[in-house]
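What follows is one structure encoded as structure tokens, with my remarks underneath.
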Amino acid sequence: MDLFEYQGKQLFAAHGIPVPSGEVAETPAAAKGAAEGIDGPVVVKAQVQVGGRGKAGGIKLAANPEEAHDRASEILGMDIKGHTVNTVWIESASEIEKEYYASVTLDRGEKKPLVMLSAVGGVDIEEVAASQPEKLARLHVDPLVGLQPHDARWLTFTAGIDPEAMKGVVAILEKLYAAFVATDASLLEINPLILTKGGDVIALDAKVTIDNNALYRHPDIAELQHSVTTDPQERMAHEKGVTYVKLDGDVGILGNGAGLVMSTLDVVALAGGRPANFLDAGGGSKAEEVEAALDVLLSDPKVNALLVNIFGGITRCDEVAQGMITALDRIGATLPIVVRLDGTNQAEGLELLSQKAPSNVVVEQTMLSAAERVVGLAKEVQSA
Ligand code: GDP
Ligand code: MN
């Protein structure tokens, strides 16, 4: 789970990492109000989960509350790399002397946390790693020993951090590592970590990814799930408890079991189509799960045609057919739906569909013929 910058900064602050004070706003008027509560100039920052907001015009300085109002009205509603800005973060502007980079990630290959530090910050770190690898200090940490003070000092010397910033950077590295462990994070990144003209070291940006499988241990972070899921289908899937991943094609996919869904994606691609999603209704799907899955898929305007590929093992094909009929009755969708039902109670399922399903539902016998059919139908819809 990825947090927004302002949520990341609040998490940093809770772990003792210095950040500028600020407030969120969803309207220009609220942005003005937030700026009134802050002494001096502010920065208006677009809250979207994508990097490079600065270059895209999503970060602007404002000298006073009136300017904060105007900058916020420019930034709110903006599209940054496909993400719409619904929220801005208003924070006290910093006077930057130097920009550094600091992060802790999990290196799965080494089975250890990896701490990285660079005196070249505020820029794309992948670029630094590729063109000037010597500028990026890297240290794997033994998880049983933790990051020791001498490790943090070694990193600052190796990265070439300015002497006046060393104490502050060492302190932040230690806190960043502690926060990484405490929150079950898989990434904590500060880019830029700055030295201010006043000589303080503070986190000016925050990128935080928390391991989804550990969220049950962090109810306070898990609570943020709703606010960070901005895609309507992803939100719906989360509420309904179905496994859903959005892709960029136009053929909706519904299957039961991750393996079957993955091979369905492959077969659709083989037939020349582009899947719109990955939706696994789960092994042993009942009518309700199928209904919930269809709700999610049919609410996506990008889906031109739907492929339902079910293998009945524990799942019964008649249950699946019943779920489809109930959902389609209620939603009244007209897009083409191709169904391949195979396995337990297949005959009963197909019989139900032929009696009660609307005419936009067609049945195919094999996975390949179903994929070819749905790809053809999606193309017809697209060109219509
Ligand atoms: P990103 O572009 O999405 O990574 O957003 P950042 O929060 O990292 O900001 C990008 C850049 O904007 C930073 O590297 C700074 O150069 C600049 N910036 C952000 N906040 C401030 C600020 O308070 N004062 C000044 N002078 N520059 C800022
Ligand atoms: Mn940044």
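Starting from 1 in every chain, residues are counted up; chains themselves are A, B, ... following the order of the structure tokens, and ligands are numbered from 1 as listed.
For ligand 2, the neighbouring protein, DNA and RNA residues, which are those within 7 Å when only C-alpha atoms and all ligand atoms are counted, are Gly51, Gly52, Gly122, Asn191, Pro192 and Asp205 of chain A.
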Within 7 Å of ligand 1, counting only C-alpha atoms and all ligand atoms: which residues, as a tab-separated table (two decimals) with C-alpha atoms, in the first residue's frame?
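Final output, saved to part30.tsv:
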```tsv
chain	number	residue	atom	x	y	z
A	42	VAL	CA	4.02	28.28	1.69
A	43	VAL	CA	4.40	25.57	-0.94
A	50	VAL	CA	3.41	9.45	-8.82
A	51	GLY	CA	6.86	11.02	-8.88
A	52	GLY	CA	7.99	14.08	-10.82
A	53	ARG	CA	5.18	16.31	-9.58
A	54	GLY	CA	7.60	19.25	-9.49
A	55	LYS	CA	8.45	19.03	-13.19
A	59	ILE	CA	4.36	22.05	-6.86
A	92	SER	CA	5.65	26.01	5.25
A	93	ALA	CA	8.15	26.80	2.44
A	94	SER	CA	11.75	25.79	3.04
A	95	GLU	CA	14.88	27.66	2.06
A	96	ILE	CA	17.02	25.01	0.44
A	99	GLU	CA	19.26	18.51	-1.64
A	122	GLY	CA	16.00	16.07	-5.68
A	123	VAL	CA	16.60	14.34	-9.00
A	191	ASN	CA	13.91	12.76	-2.01
A	192	PRO	CA	14.94	15.42	-1.38
A	204	LEU	CA	10.97	17.65	2.07
A	205	ASP	CA	9.26	14.71	0.33
```
Residues within 9 Å of A:Glu174, please, as a list in words. Count only C-alpha atoms; anything in the same chain fewer than 4 positions from it doesn't count. Leu147, Gln148, Pro149, Ala152, Val169, Val170, Ala178 and Ala179 of chain A
Leaving out A:Leu11 and any residue of its chain fewer than 2 positions from it, which residues lie within 12 Å of it when counting only C-alpha atoms, given as a PyMOL selection string? chain A and resi 3-9+13-19+175-176+178-180+182-183+185+188+203+206-210+218+220-221+224
Neighbour list for A:Tyr101 as a VMD selection string, cut-off 8 Å, only C-alpha atoms, skip fewer than 6 positions in-chain: chain A and resid 116 to 122 125 189 to 193
